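Peer 1: Contents of protein.pdb (PDB, C-alpha atoms, pLDDT in the B column):
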```pdb
ATOM      1  CA  MET A   1     192.689 142.388 101.832  1.00 95.00           C
ATOM      2  CA  THR A   2     189.713 140.447 100.588  1.00 96.00           C
ATOM      3  CA  GLY A   3     188.293 143.732  99.286  1.00 94.00           C
ATOM      4  CA  PHE A   4     188.145 147.438 100.087  1.00 94.00           C
ATOM      5  CA  ASP A   5     185.585 147.612 102.903  1.00 97.00           C
ATOM      6  CA  PRO A   6     187.402 147.640 106.267  1.00 96.00           C
ATOM      7  CA  VAL A   7     184.273 146.403 108.041  1.00 96.00           C
ATOM      8  CA  LYS A   8     183.143 143.630 105.662  1.00 97.00           C
ATOM      9  CA  ASP A   9     186.554 142.596 104.329  1.00 97.00           C
ATOM     10  CA  ARG A  10     189.589 141.203 106.123  1.00 97.00           C
ATOM     11  CA  ILE A  11     193.343 141.481 105.959  1.00 97.00           C
ATOM     12  CA  LEU A  12     194.692 138.358 104.234  1.00 97.00           C
ATOM     13  CA  GLU A  13     198.397 138.930 104.211  1.00 97.00           C
ATOM     14  CA  VAL A  14     200.615 141.316 106.101  1.00 97.00           C
ATOM     15  CA  ALA A  15     204.210 142.359 105.680  1.00 97.00           C
ATOM     16  CA  CYS A  16     206.400 144.921 107.313  1.00 97.00           C
ATOM     17  CA  ILE A  17     209.837 146.188 106.376  1.00 97.00           C
ATOM     18  CA  ALA A  18     211.778 148.224 108.889  1.00 97.00           C
ATOM     19  CA  THR A  19     214.102 150.715 107.200  1.00 95.00           C
ATOM     20  CA  ASP A  20     216.273 153.572 108.264  1.00 92.00           C
ATOM     21  CA  PHE A  21     215.671 157.048 106.833  1.00 89.00           C
ATOM     22  CA  ASP A  22     217.964 156.207 103.900  1.00 93.00           C
ATOM     23  CA  LEU A  23     215.448 153.446 103.078  1.00 95.00           C
ATOM     24  CA  VAL A  24     217.956 150.701 103.800  1.00 96.00           C
ATOM     25  CA  GLU A  25     216.159 147.517 104.775  1.00 96.00           C
ATOM     26  CA  ILE A  26     216.851 146.466 108.371  1.00 96.00           C
ATOM     27  CA  ALA A  27     214.335 143.664 108.966  1.00 98.00           C
ATOM     28  CA  THR A  28     211.201 142.102 107.505  1.00 98.00           C
ATOM     29  CA  TYR A  29     208.093 140.361 108.776  1.00 98.00           C
ATOM     30  CA  GLN A  30     205.335 138.638 106.839  1.00 97.00           C
ATOM     31  CA  ALA A  31     202.412 136.376 107.653  1.00 98.00           C
ATOM     32  CA  SER A  32     199.171 135.015 106.280  1.00 97.00           C
ATOM     33  CA  VAL A  33     195.999 135.686 108.250  1.00 98.00           C
ATOM     34  CA  LYS A  34     193.456 132.945 108.888  1.00 98.00           C
ATOM     35  CA  VAL A  35     190.248 134.127 107.219  1.00 97.00           C
ATOM     36  CA  PRO A  36     187.158 131.939 106.791  1.00 97.00           C
ATOM     37  CA  LYS A  37     187.160 130.479 103.283  1.00 95.00           C
ATOM     38  CA  THR A  38     183.482 131.333 102.843  1.00 96.00           C
ATOM     39  CA  LEU A  39     184.248 135.019 103.463  1.00 97.00           C
ATOM     40  CA  MET A  40     187.147 134.952 100.997  1.00 96.00           C
ATOM     41  CA  THR A  41     185.165 133.348  98.195  1.00 94.00           C
ATOM     42  CA  ARG A  42     182.195 135.662  98.840  1.00 96.00           C
ATOM     43  CA  ARG A  43     184.266 138.882  98.941  1.00 96.00           C
ATOM     44  CA  MET A  44     187.093 138.198  96.455  1.00 95.00           C
ATOM     45  CA  ILE A  45     185.010 138.686  93.317  1.00 95.00           C
ATOM     46  CA  GLY A  46     184.818 141.238  90.538  1.00 94.00           C
ATOM     47  CA  ASP A  47     187.067 142.525  87.767  1.00 95.00           C
ATOM     48  CA  PHE A  48     190.141 143.084  89.939  1.00 93.00           C
ATOM     49  CA  TRP A  49     190.140 139.575  91.357  1.00 94.00           C
ATOM     50  CA  GLU A  50     189.430 138.073  87.942  1.00 95.00           C
ATOM     51  CA  LYS A  51     192.402 139.949  86.474  1.00 94.00           C
ATOM     52  CA  PHE A  52     194.603 138.744  89.349  1.00 94.00           C
ATOM     53  CA  SER A  53     193.062 135.310  89.820  1.00 95.00           C
ATOM     54  CA  THR A  54     196.466 133.666  90.334  1.00 94.00           C
ATOM     55  CA  VAL A  55     197.184 136.044  93.222  1.00 94.00           C
ATOM     56  CA  ARG A  56     193.685 135.475  94.622  1.00 95.00           C
ATOM     57  CA  ASP A  57     194.100 131.715  94.522  1.00 95.00           C
ATOM     58  CA  ALA A  58     197.521 131.922  96.213  1.00 94.00           C
ATOM     59  CA  LEU A  59     196.188 134.203  98.944  1.00 95.00           C
ATOM     60  CA  ILE A  60     193.252 131.886  99.618  1.00 94.00           C
ATOM     61  CA  ALA A  61     195.529 128.830  99.718  1.00 95.00           C
ATOM     62  CA  ASN A  62     197.975 130.583 102.070  1.00 94.00           C
ATOM     63  CA  SER A  63     195.178 131.661 104.391  1.00 95.00           C
ATOM     64  CA  VAL A  64     193.721 128.148 104.549  1.00 95.00           C
ATOM     65  CA  GLU A  65     197.053 126.290 104.834  1.00 96.00           C
ATOM     66  CA  GLN A  66     199.315 128.701 106.748  1.00 96.00           C
ATOM     67  CA  GLY A  67     196.997 131.366 108.094  1.00 97.00           C
ATOM     68  CA  ARG A  68     197.294 132.358 111.712  1.00 98.00           C
ATOM     69  CA  PRO A  69     194.788 134.085 113.988  1.00 98.00           C
ATOM     70  CA  THR A  70     194.665 137.819 113.480  1.00 97.00           C
ATOM     71  CA  LYS A  71     195.380 138.640 117.155  1.00 97.00           C
ATOM     72  CA  SER A  72     198.502 136.457 117.058  1.00 98.00           C
ATOM     73  CA  ILE A  73     199.744 138.407 114.051  1.00 98.00           C
ATOM     74  CA  GLU A  74     199.005 141.718 115.759  1.00 98.00           C
ATOM     75  CA  SER A  75     201.150 140.528 118.691  1.00 98.00           C
ATOM     76  CA  ASP A  76     203.963 139.619 116.291  1.00 98.00           C
ATOM     77  CA  LEU A  77     203.764 143.030 114.632  1.00 98.00           C
ATOM     78  CA  LEU A  78     203.907 144.803 117.995  1.00 97.00           C
ATOM     79  CA  LYS A  79     206.985 142.753 118.909  1.00 97.00           C
ATOM     80  CA  PHE A  80     208.520 143.602 115.517  1.00 98.00           C
ATOM     81  CA  LEU A  81     208.008 147.303 116.268  1.00 97.00           C
ATOM     82  CA  ASP A  82     209.491 146.862 119.749  1.00 96.00           C
ATOM     83  CA  ASP A  83     212.526 145.095 118.287  1.00 96.00           C
ATOM     84  CA  HIS A  84     213.250 147.680 115.584  1.00 96.00           C
ATOM     85  CA  PHE A  85     211.862 151.029 116.720  1.00 94.00           C
ATOM     86  CA  ASP A  86     211.878 153.164 119.850  1.00 92.00           C
ATOM     87  CA  SER A  87     208.862 152.004 121.849  1.00 88.00           C
ATOM     88  CA  LYS A  88     208.470 155.497 123.320  1.00 90.00           C
ATOM     89  CA  GLN A  89     207.931 156.983 119.849  1.00 91.00           C
ATOM     90  CA  PRO A  90     205.073 156.228 117.445  1.00 92.00           C
ATOM     91  CA  THR A  91     206.192 154.392 114.312  1.00 95.00           C
ATOM     92  CA  TYR A  92     205.530 155.802 110.847  1.00 95.00           C
ATOM     93  CA  LEU A  93     203.474 153.783 108.396  1.00 96.00           C
ATOM     94  CA  ALA A  94     204.709 154.183 104.824  1.00 95.00           C
ATOM     95  CA  GLY A  95     203.762 152.805 101.412  1.00 94.00           C
ATOM     96  CA  ASN A  96     201.347 153.339  98.533  1.00 93.00           C
ATOM     97  CA  SER A  97     197.746 154.348  99.274  1.00 90.00           C
ATOM     98  CA  ILE A  98     198.288 153.529 102.924  1.00 95.00           C
ATOM     99  CA  HIS A  99     195.391 155.636 104.164  1.00 94.00           C
ATOM    100  CA  HIS A 100     193.190 152.700 103.212  1.00 94.00           C
ATOM    101  CA  ASP A 101     195.517 150.141 104.794  1.00 95.00           C
ATOM    102  CA  ARG A 102     195.371 152.196 107.978  1.00 97.00           C
ATOM    103  CA  LYS A 103     191.567 151.855 108.067  1.00 97.00           C
ATOM    104  CA  PHE A 104     191.976 148.071 108.103  1.00 98.00           C
ATOM    105  CA  VAL A 105     194.660 148.266 110.785  1.00 98.00           C
ATOM    106  CA  ALA A 106     192.427 150.480 112.935  1.00 98.00           C
ATOM    107  CA  HIS A 107     189.513 148.064 112.544  1.00 97.00           C
ATOM    108  CA  GLU A 108     191.376 144.769 113.025  1.00 97.00           C
ATOM    109  CA  TRP A 109     194.409 145.712 115.139  1.00 98.00           C
ATOM    110  CA  PRO A 110     193.551 148.665 117.412  1.00 98.00           C
ATOM    111  CA  THR A 111     196.593 148.122 119.661  1.00 97.00           C
ATOM    112  CA  LEU A 112     198.902 148.266 116.644  1.00 97.00           C
ATOM    113  CA  ASP A 113     197.029 151.292 115.341  1.00 97.00           C
ATOM    114  CA  ALA A 114     197.705 153.083 118.629  1.00 97.00           C
ATOM    115  CA  ARG A 115     201.461 152.471 118.177  1.00 96.00           C
ATOM    116  CA  LEU A 116     201.502 154.133 114.759  1.00 97.00           C
ATOM    117  CA  HIS A 117     202.137 157.826 114.281  1.00 96.00           C
ATOM    118  CA  TYR A 118     199.231 159.899 113.016  1.00 96.00           C
ATOM    119  CA  ARG A 119     201.506 161.072 110.181  1.00 96.00           C
ATOM    120  CA  MET A 120     202.079 158.628 107.360  1.00 96.00           C
ATOM    121  CA  LEU A 121     204.433 158.609 104.388  1.00 95.00           C
ATOM    122  CA  ASP A 122     202.176 157.958 101.410  1.00 96.00           C
ATOM    123  CA  VAL A 123     204.253 157.326  98.300  1.00 95.00           C
ATOM    124  CA  SER A 124     201.141 157.820  96.162  1.00 93.00           C
ATOM    125  CA  ALA A 125     201.223 161.528  97.000  1.00 93.00           C
ATOM    126  CA  TRP A 126     204.751 161.740  95.605  1.00 92.00           C
ATOM    127  CA  LYS A 127     203.525 159.975  92.472  1.00 91.00           C
ATOM    128  CA  ILE A 128     200.929 162.694  91.863  1.00 92.00           C
ATOM    129  CA  ILE A 129     203.519 165.452  92.064  1.00 90.00           C
ATOM    130  CA  PHE A 130     206.336 163.787  90.127  1.00 90.00           C
ATOM    131  CA  GLU A 131     204.092 162.649  87.274  1.00 90.00           C
ATOM    132  CA  GLN A 132     203.296 166.327  86.659  1.00 90.00           C
ATOM    133  CA  TYR A 133     207.013 166.697  85.882  1.00 84.00           C
ATOM    134  CA  ARG A 134     206.942 163.665  83.578  1.00 81.00           C
ATOM    135  CA  GLN A 135     208.867 161.495  86.013  1.00 82.00           C
ATOM    136  CA  LYS A 136     206.966 158.255  86.085  1.00 84.00           C
ATOM    137  CA  PHE A 137     207.802 155.147  88.062  1.00 89.00           C
ATOM    138  CA  THR A 138     206.184 151.896  87.031  1.00 84.00           C
ATOM    139  CA  LYS A 139     205.797 149.715  90.068  1.00 78.00           C
ATOM    140  CA  PRO A 140     205.456 145.964  89.568  1.00 77.00           C
ATOM    141  CA  GLU A 141     201.925 144.770  90.311  1.00 79.00           C
ATOM    142  CA  SER A 142     202.521 141.633  92.338  1.00 82.00           C
ATOM    143  CA  HIS A 143     199.677 142.418  94.769  1.00 89.00           C
ATOM    144  CA  ARG A 144     201.513 140.491  97.469  1.00 92.00           C
ATOM    145  CA  ALA A 145     202.343 142.256 100.707  1.00 94.00           C
ATOM    146  CA  LEU A 146     206.138 141.997 100.894  1.00 95.00           C
ATOM    147  CA  GLU A 147     206.738 142.581  97.179  1.00 95.00           C
ATOM    148  CA  ASP A 148     204.375 145.572  97.158  1.00 94.00           C
ATOM    149  CA  ILE A 149     206.267 147.156 100.046  1.00 95.00           C
ATOM    150  CA  ARG A 150     209.597 146.632  98.313  1.00 96.00           C
ATOM    151  CA  GLY A 151     208.106 148.213  95.191  1.00 95.00           C
ATOM    152  CA  SER A 152     206.982 151.222  97.247  1.00 95.00           C
ATOM    153  CA  ILE A 153     210.474 151.599  98.706  1.00 96.00           C
ATOM    154  CA  GLU A 154     212.002 151.520  95.228  1.00 95.00           C
ATOM    155  CA  GLU A 155     209.435 154.032  94.023  1.00 94.00           C
ATOM    156  CA  LEU A 156     210.214 156.430  96.869  1.00 94.00           C
ATOM    157  CA  LYS A 157     213.952 156.076  96.160  1.00 94.00           C
ATOM    158  CA  PHE A 158     213.217 156.978  92.511  1.00 93.00           C
ATOM    159  CA  TYR A 159     211.381 160.145  93.548  1.00 91.00           C
ATOM    160  CA  LEU A 160     214.037 161.132  96.072  1.00 91.00           C
ATOM    161  CA  LYS A 161     216.701 160.952  93.331  1.00 89.00           C
ATOM    162  CA  GLY A 162     214.692 163.614  91.505  1.00 74.00           C
ATOM    163  CA  LEU A 163     215.230 165.976  94.422  1.00 78.00           C
ATOM    164  CA  LYS A 164     219.019 165.796  94.355  1.00 68.00           C
TER
END
```
Can the structure from this file be put into structure tokens for me?
Peer 2:
Amino acid sequence: MTGFDPVKDRILEVACIATDFDLVEIATYQASVKVPKTLMTRRMIGDFWEKFSTVRDALIANSVEQGRPTKSIESDLLKFLDDHFDSKQPTYLAGNSIHHDRKFVAHEWPTLDARLHYRMLDVSAWKIIFEQYRQKFTKPESHRALEDIRGSIEELKFYLKGLK
């Protein structure tokens, strides 16, 4: 996202990985969203974006050069869900700190939001518990959609090993 405000900011890049309950990857989807360059340069400021300026610049370039309309991407995501999940059942959203991602989805993609289950699998909650037992997972900080999801899957696998 360009920032953390689901009303003022926009989704820049989206990725989705369909897995089974053993966290085996079945399929992936990723796309860049067309966001006005003026909005990106106005909103993508501050310490975080300065620290990750290479990521910021890549996201801006991808949005300008390859970005697609947000409604087109929502349609693709709905088709992805239809192709890989039971359309009669809501799909679970999973990942790190996804409650915030869900706010953006609700604001920008209400039809997709309606397809998602109200329950979510937030890996960050597992992190809180397992770190109390001195089991720490260090996730790579790529801050790119597909790589972040893969990092979340690896992190959840790490925590699940601790339960066996």
Peer 1: What lies within 9 Å of stretch 31-44 of chain A using only C-alpha atoms, ignoring chain neighbours under 6 positions off, as a PyMOL selection string?
Peer 2: chain A and resi 1-3+8-15+50+56+59-60+62-70+73
Peer 1: I'd like the neighbourhood of stretch 123-135 of chain A as a PDB file with C-alpha atoms, in the coordinates of the input, where a residue qualifies if any of its atoms comes within 7 Å (using only C-alpha atoms), though same-chain residues fewer than 2 positions away should be ignored.
Peer 2:
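In the end it all went to result.pdb:
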```pdb
ATOM      1  CA  GLY A  95     203.762 152.805 101.412  1.00 94.00           C
ATOM      2  CA  ASN A  96     201.347 153.339  98.533  1.00 93.00           C
ATOM      3  CA  SER A  97     197.746 154.348  99.274  1.00 90.00           C
ATOM      4  CA  LEU A 121     204.433 158.609 104.388  1.00 95.00           C
ATOM      5  CA  PHE A 137     207.802 155.147  88.062  1.00 89.00           C
ATOM      6  CA  SER A 152     206.982 151.222  97.247  1.00 95.00           C
ATOM      7  CA  LEU A 156     210.214 156.430  96.869  1.00 94.00           C
TER       8      LEU A 156
END
```
Peer 1: Do you know which residues the PyMOL selection byres ((chain A and resi 20) around 12) returns on this file, as a ChimeraX atom specification?
Peer 2: /A:17-19,21-27,84-85,91-92,153
Peer 1: So what do you get for atom CA of A:Glu154 versus atom CA of A:Thr138, distance-wise?
Peer 2: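 Interatomic distance here is 10.1 Å.
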Peer 1: Write out as lines of an AutoDock Vina configuration file an axis-aligned box for stretch 23-27 of chain A: all of its atoms listed in the file, 5 Å added on each side, centre and edge lengths in Å with one decimal.
Peer 2:
```
center_x = 216.1
center_y = 148.6
center_z = 106.0
size_x = 13.6
size_y = 19.8
size_z = 15.9
```
Peer 1: I'd like the contact shell of A:Asp86 - 12 Å cut-off, all atoms listed in the file, skipping same-chain residues fewer than 6 positions apart - returned as a list in words.
Peer 2: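 My reading of the contact set: Leu78, Lys79, Phe80, Tyr92, Arg115 and Leu116 of chain A.
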Peer 1: Which one is closest to A:Ser75: A:Gly46, A:Gly151, A:Pro90, A:Pro110? Count all atoms listed in the file.
Peer 2: A:Pro110
Peer 1: How far is it from atom CA of A:Asp148 to atom CA of A:Lys88, in Å with one decimal?
Peer 2: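 Answer for the atom CA of A:Asp148 to atom CA of A:Lys88 separation: 28.3 Å.
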Peer 1: Saving stretch 115-132 of chain A with N, CA and C atoms, as a PDB file, in the first residue's frame, what would that file be?
Peer 2:
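Done, and the output landed in selection27.pdb:
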```pdb
ATOM      1  N   ARG A 115     -16.427 -12.263  -0.315  1.00  0.00           N
ATOM      2  CA  ARG A 115     -16.074 -13.679  -0.539  1.00  0.00           C
ATOM      3  C   ARG A 115     -15.163 -14.238   0.553  1.00  0.00           C
ATOM      4  N   LEU A 116     -14.578 -13.359   1.357  1.00  0.00           N
ATOM      5  CA  LEU A 116     -13.648 -13.811   2.385  1.00  0.00           C
ATOM      6  C   LEU A 116     -14.379 -14.132   3.679  1.00  0.00           C
ATOM      7  N   HIS A 117     -13.889 -15.141   4.352  1.00  0.00           N
ATOM      8  CA  HIS A 117     -14.450 -15.555   5.639  1.00  0.00           C
ATOM      9  C   HIS A 117     -14.197 -14.466   6.673  1.00  0.00           C
ATOM     10  N   TYR A 118     -15.083 -14.341   7.634  1.00  0.00           N
ATOM     11  CA  TYR A 118     -14.857 -13.351   8.692  1.00  0.00           C
ATOM     12  C   TYR A 118     -13.691 -13.749   9.585  1.00  0.00           C
ATOM     13  N   ARG A 119     -13.363 -15.040   9.643  1.00  0.00           N
ATOM     14  CA  ARG A 119     -12.188 -15.489  10.395  1.00  0.00           C
ATOM     15  C   ARG A 119     -10.959 -15.389   9.505  1.00  0.00           C
ATOM     16  N   MET A 120      -9.862 -14.982  10.114  1.00  0.00           N
ATOM     17  CA  MET A 120      -8.610 -14.848   9.373  1.00  0.00           C
ATOM     18  C   MET A 120      -7.507 -15.546  10.159  1.00  0.00           C
ATOM     19  N   LEU A 121      -6.487 -15.991   9.447  1.00  0.00           N
ATOM     20  CA  LEU A 121      -5.352 -16.650  10.085  1.00  0.00           C
ATOM     21  C   LEU A 121      -4.189 -15.658  10.119  1.00  0.00           C
ATOM     22  N   ASP A 122      -4.071 -14.960  11.246  1.00  0.00           N
ATOM     23  CA  ASP A 122      -3.040 -13.931  11.371  1.00  0.00           C
ATOM     24  C   ASP A 122      -1.793 -14.532  12.012  1.00  0.00           C
ATOM     25  N   VAL A 123      -0.750 -14.671  11.222  1.00  0.00           N
ATOM     26  CA  VAL A 123       0.501 -15.255  11.679  1.00  0.00           C
ATOM     27  C   VAL A 123       1.136 -14.402  12.773  1.00  0.00           C
ATOM     28  N   SER A 124       0.860 -13.106  12.769  1.00  0.00           N
ATOM     29  CA  SER A 124       1.413 -12.224  13.795  1.00  0.00           C
ATOM     30  C   SER A 124       0.964 -12.619  15.196  1.00  0.00           C
ATOM     31  N   ALA A 125      -0.230 -13.167  15.311  1.00  0.00           N
ATOM     32  CA  ALA A 125      -0.707 -13.629  16.620  1.00  0.00           C
ATOM     33  C   ALA A 125       0.125 -14.809  17.105  1.00  0.00           C
ATOM     34  N   TRP A 126       0.495 -15.686  16.198  1.00  0.00           N
ATOM     35  CA  TRP A 126       1.365 -16.814  16.559  1.00  0.00           C
ATOM     36  C   TRP A 126       2.719 -16.293  17.030  1.00  0.00           C
ATOM     37  N   LYS A 127       3.204 -15.266  16.342  1.00  0.00           N
ATOM     38  CA  LYS A 127       4.500 -14.673  16.696  1.00  0.00           C
ATOM     39  C   LYS A 127       4.502 -14.220  18.155  1.00  0.00           C
ATOM     40  N   ILE A 128       3.438 -13.560  18.571  1.00  0.00           N
ATOM     41  CA  ILE A 128       3.348 -13.058  19.948  1.00  0.00           C
ATOM     42  C   ILE A 128       3.480 -14.206  20.946  1.00  0.00           C
ATOM     43  N   ILE A 129       2.776 -15.279  20.690  1.00  0.00           N
ATOM     44  CA  ILE A 129       2.799 -16.413  21.620  1.00  0.00           C
ATOM     45  C   ILE A 129       4.148 -17.116  21.606  1.00  0.00           C
ATOM     46  N   PHE A 130       4.645 -17.462  20.417  1.00  0.00           N
ATOM     47  CA  PHE A 130       5.875 -18.244  20.342  1.00  0.00           C
ATOM     48  C   PHE A 130       7.105 -17.474  20.818  1.00  0.00           C
ATOM     49  N   GLU A 131       7.116 -16.154  20.649  1.00  0.00           N
ATOM     50  CA  GLU A 131       8.263 -15.394  21.148  1.00  0.00           C
ATOM     51  C   GLU A 131       8.329 -15.422  22.667  1.00  0.00           C
ATOM     52  N   GLN A 132       7.207 -15.634  23.331  1.00  0.00           N
ATOM     53  CA  GLN A 132       7.220 -15.777  24.795  1.00  0.00           C
ATOM     54  C   GLN A 132       7.953 -17.048  25.221  1.00  0.00           C
TER      55      GLN A 132
END
```
